[in-house]
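Asker: Here it is: the structure, laid out below.
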Amino acid sequence: MILYNTLGQTKQEFIPYKDKKVNMYTCGPTVYHFAHIGNLRTYIMEDVLEKYLRYSGYDVTRIMNITDVGHLSSDADTGEDKMLAGAKREHKTVMEIAKFYTEAFFEDCKKLNIKTPDIVEPATNCINDFINMVSVLLEKGYAYIAGGNVYFDTSKLDNYYVFGNFKEEDLAVGVRDSVDADENKKNKSDFVLWFTKSKFEDQELKWESPWGMGYPGWHIECSAISIKHSGEHLDIHCGGIDNAFPHHTNEIAQSEAFLGHPWCKYWFHVLHLNDARGKMSKSKGGFLTVSLLEENGYDPLAYRMFCLQSHYRKPLTFSYDSLDNIQKSYIKLINRIANLKCEDTVNEEKLISYRESFRNAMDNDLNTSLGLTCVYDVLKADNLSDSEKRKLIKEFDYVLSLDLLRGKTSSENSNISVSDDFNREIEELIIKRNEARKNKDWSTADAIRDELKAKKIVLIDTPQGVKWELEK
């Protein structure tokens, strides 16, 4: 398997530390708000990577953190804690916010067929681990105390900017926000390992430490949680490309200083999802969530397919027109597969070349677009029986996770068969009603609802979309 390794910026053969055993870490969400579909593109592609590793025979342990403390609104150790900002916005406690948005995140993942990692660890569970790691870095001379906070000293490293030849003056203060430099820092690129009350008096979550009452910096969390669960060597670390600097850069700095040797072999970064305004982000407001897509009549798995049709290392531009086309293709694909008959005999010899094609696509830096093409190639194959096609598609769908064998479906009611004229007529009316609602043509939408009611059809709006049933 060949993967692009951001550490080195080249495609490399994937060889884990221990034969077929893979320790995989993915940066989890900061649970102060709903995940937007740009965030979820990263988790979809990480999910495909994990499942393809398993498909290829690797024993994978995937670890993910939940950031429920310490992530500030700027990457330069300034601004308000995002969790505290969320609590103020909704007049709740930080832990109430964390619980609600953690559950919402995993509900979105479920809708998108994203597997829950083997280990999920909230940062607030690991305060002693963070304190121990900071203490060791101080003892080794890689950290210092100033203004009540503990900082990592990047001047102790031979090469801090490990992901590229960045200009220090461009990146040292912050990459997302315009901020003032912290006068406590010896070097502009230094970063906080532990904050004390001298920094943020109103911080809700604080713990006793050797340096005063306080809380961990964002970067220390992922390093400590990864080392806690995977040991001193990590095979692959994943995240969005915006985490490469400073978050992942800082992780490498503090982890290797703490351990005294190289830490993570491969870095897997997913590029941004853009919309008409550029990179999708919460700070711009009006961001798209899975629930909003559902309210507009889209199947969440159509969005997953939208992501799979592009390479993870290319920026992806979202538009409703593009998603409309993908949803239509998805429905046609599902219904075409549903028409395959279940037969008794399968000739395994005939499946070998198709499996090789799928592996060749996915082994080439996780080329999911070609992986999807393999599904269509199977469907078109004249030399395969329906049962052989179904078997191959089921195998490929373990990785793609599009529920390709779910049975016949429609755009707004995925649980309804469209095998007869009556059902087809109802489906068409529901689609027209949905289009009217999207266009805010409420009179047409109401008229269609009345027409359906006259046919004894009851519409039920659910988080998964509009369902229907015959009036009892």
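Ligands are numbered from 1 in the order shown, chains are lettered A, B, ... in the order of the structure tokens, and residues start at 1 in each chain.
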Residues near Asn339 in chain A, anyone? I mean within 10 Å using only C-alpha atoms, not counting same-chain ones fewer than 4 positions away, as a ChimeraX atom specification.
Answerer: /A:334-335,386,407-408
Asker: Mind dumping the selected residues with C-alpha atoms as an mmCIF file, in the first residue's frame?
Answerer:
```
data_model
loop_
_atom_site.group_PDB
_atom_site.id
_atom_site.type_symbol
_atom_site.label_atom_id
_atom_site.label_comp_id
_atom_site.auth_asym_id
_atom_site.auth_seq_id
_atom_site.Cartn_x
_atom_site.Cartn_y
_atom_site.Cartn_z
ATOM 1 C CA ILE A 334 -28.574 1.334 -5.311
ATOM 2 C CA ASN A 335 -31.572 0.367 -7.451
ATOM 3 C CA ASP A 386 -25.596 -11.765 -10.328
ATOM 4 C CA GLY A 407 -32.389 -2.472 -1.479
ATOM 5 C CA LYS A 408 -34.357 -0.155 -3.731
#
```
Asker: Run DSSP on the backbone of this structure and report the residues of range 348-404 of chain A it assigns to alpha helix (DSSP H), as a PyMOL selection string.
Answerer: chain A and resi 348-363+368-380+386-400
Asker: Looking only at the backbone, which of the residues in range 37-167 of chain A does DSSP tag as strand (DSSP E), as an NGL selection string?
Answerer: :A and (59-66 or 119-122 or 143-146 or 149-152)
Asker: Give me the residues within 10 Å of Thr30 in chain A as a VMD selection string, counting only C-alpha atoms and dropping any in the same chain fewer than 6 places off.
Answerer: chain A and resid 65 to 72 82 to 83 98 101 to 102 105 122 218
Asker: What's the separation between CA of Lys391 in chain A and CA of Asn347 in chain A, in Å to one decimal place?
Answerer: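 For CA of Lys391 in chain A relative to CA of Asn347 in chain A, the distance reads 10.6 Å.
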Asker: Which one of A:Ile225, A:Leu259, A:Leu292, A:Ile114 sits closest to Glu46 in chain A if you count only C-alpha atoms?
Answerer: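 With only C-alpha atoms as the atom set, the closest residue is A:Ile114.
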Asker: Could you give me, as a short mmCIF file (atom, residue, chain, number, x, y, z; two decimals) with C-alpha atoms, in the first residue's frame, the residues within 10 Å of range 33-41 of chain A, counting only C-alpha atoms and dropping anything in the same chain fewer than 2 positions from it?
Answerer:
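Dumped everything to out-v8.cif:
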```cif
data_model
loop_
_atom_site.label_atom_id
_atom_site.label_comp_id
_atom_site.auth_asym_id
_atom_site.auth_seq_id
_atom_site.Cartn_x
_atom_site.Cartn_y
_atom_site.Cartn_z
CA GLY A 28 -11.26 14.11 17.39
CA PRO A 29 -13.73 16.99 17.51
CA THR A 30 -13.73 19.98 19.82
CA VAL A 31 -17.27 19.47 21.07
CA TYR A 43 -13.65 11.69 9.30
CA ILE A 44 -15.13 9.95 6.25
CA MET A 45 -11.72 9.60 4.63
CA GLU A 46 -10.11 8.45 7.88
CA ASP A 47 -12.88 5.87 8.16
CA LYS A 82 -13.99 27.21 22.57
CA MET A 83 -15.82 25.09 25.12
CA ALA A 85 -17.62 30.11 24.46
CA GLY A 86 -20.10 27.34 23.60
CA ALA A 87 -21.32 27.21 27.20
CA ILE A 97 -22.13 21.32 26.14
CA ALA A 98 -19.49 18.59 25.81
CA PHE A 100 -24.57 17.17 23.97
CA TYR A 101 -22.18 17.82 21.08
CA THR A 102 -20.23 14.60 21.61
CA GLU A 103 -23.48 12.66 21.23
CA ALA A 104 -24.43 14.80 18.21
CA PHE A 105 -21.06 14.11 16.60
CA PHE A 106 -21.39 10.35 16.92
CA ASP A 108 -23.69 12.25 12.52
CA CYS A 109 -20.98 9.62 12.20
CA LEU A 112 -22.47 8.59 7.47
CA ILE A 114 -18.30 6.22 10.06
CA GLY A 239 -6.39 14.89 10.62
CA GLY A 240 -7.43 17.81 8.46
CA VAL A 270 -7.31 15.47 4.29
CA LEU A 271 -7.73 18.72 2.37
CA HIS A 272 -10.50 21.24 2.89
CA LEU A 273 -14.09 21.21 1.78
CA ASN A 274 -14.81 24.59 0.21
CA ASP A 275 -18.04 26.38 -0.57
CA LYS A 279 -13.00 26.91 3.20
CA MET A 280 -16.04 25.83 5.19
CA SER A 281 -15.71 26.86 8.83
CA LYS A 282 -17.88 27.58 11.85
CA GLY A 286 -24.25 29.40 8.33
CA PHE A 287 -22.20 26.22 8.09
CA LEU A 288 -23.79 23.04 6.73
CA THR A 289 -24.47 20.04 8.96
CA VAL A 290 -25.70 16.53 8.21
CA SER A 291 -29.07 17.43 9.71
CA LEU A 292 -29.42 20.39 7.35
CA LEU A 293 -28.66 18.15 4.38
CA TYR A 303 -22.74 13.08 0.80
CA ARG A 304 -20.35 10.24 1.66
CA PHE A 306 -19.77 12.88 -2.94
CA CYS A 307 -16.60 12.79 -0.82
CA LEU A 308 -15.45 9.41 -2.20
CA TYR A 312 -8.65 13.14 -0.20
CA LEU A 316 -13.38 19.61 -2.73
CA THR A 317 -15.94 22.29 -3.59
CA PHE A 318 -19.45 21.77 -2.32
#
```
Asker: Would you pick out the contacts of Asn23 in chain A at 6 Å or less, using only C-alpha atoms, so that residues sharing its chain but fewer than 6 positions from it are not included, and give the list as a ChimeraX atom specification?
Answerer: /A:61,234-235
Asker: Go ahead and save the picked residues with C-alpha atoms, as a PDB file, in the first residue's frame.
Answerer:
```
ATOM      1  CA  THR A  61      -6.381  -0.113  16.810  1.00  0.00           C
ATOM      2  CA  LEU A 234       2.499   5.414  16.453  1.00  0.00           C
ATOM      3  CA  ASP A 235       2.078   4.101  12.920  1.00  0.00           C
TER       4      ASP A 235
END
```
Asker: Please, what distance in Å, to one decimal, runs between CA of Thr368 in chain A and CA of Ser230 in chain A?
Answerer: 27.8 Å
Asker: Would you kindly return, as a PyMOL selection string, each protein, DNA or RNA residue with an atom no farther than 9 Å from any atom of Gln309 in chain A, considering only C-alpha atoms and excluding same-chain residues fewer than 4 positions away?
Answerer: chain A and resi 304-305+367-372
Asker: Find the spatial neighbours of Glu451 in chain A, counting only C-alpha atoms, within a cut-off of 12 Å - ignore same-chain residues fewer than 6 positions away - and output them as a ChimeraX atom specification.
Answerer: /A:425-426,429-430,432-433,444-445,457-459
Asker: Just to be explicit: take each residue in the selection above, keep C-alpha atoms, and write the result as a PDB file, in the first residue's frame.
Answerer:
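The new file part.pdb reads:
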```pdb
ATOM      1  CA  GLU A 425     -46.217   7.913  -8.084  1.00  0.00           C
ATOM      2  CA  ILE A 426     -45.982   8.637  -4.355  1.00  0.00           C
ATOM      3  CA  LEU A 429     -44.912  13.588  -5.489  1.00  0.00           C
ATOM      4  CA  ILE A 430     -42.662  13.564  -2.444  1.00  0.00           C
ATOM      5  CA  LYS A 432     -41.677  17.465  -6.078  1.00  0.00           C
ATOM      6  CA  ARG A 433     -42.784  18.545  -2.613  1.00  0.00           C
ATOM      7  CA  THR A 444     -46.976  24.159  -3.887  1.00  0.00           C
ATOM      8  CA  ALA A 445     -45.579  22.091  -1.040  1.00  0.00           C
ATOM      9  CA  ILE A 457     -50.844   8.946   2.499  1.00  0.00           C
ATOM     10  CA  VAL A 458     -49.470  10.230   5.807  1.00  0.00           C
ATOM     11  CA  LEU A 459     -46.131  12.079   5.669  1.00  0.00           C
TER      12      LEU A 459
END
```
Asker: Rounded to one decimal in Å, what is the spacing between CA of Tyr58 in chain A and CA of Glu395 in chain A?
Answerer: 15.8 Å
Asker: Taking only C-alpha atoms into account, name the residue in A:Ile63, A:Val375, A:Leu402, A:Ile431 that is nearest to Met24 in chain A.
Answerer: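 Among A:Ile63, A:Val375, A:Leu402, A:Ile431, it is A:Ile63 that comes nearest to Met24 in chain A.
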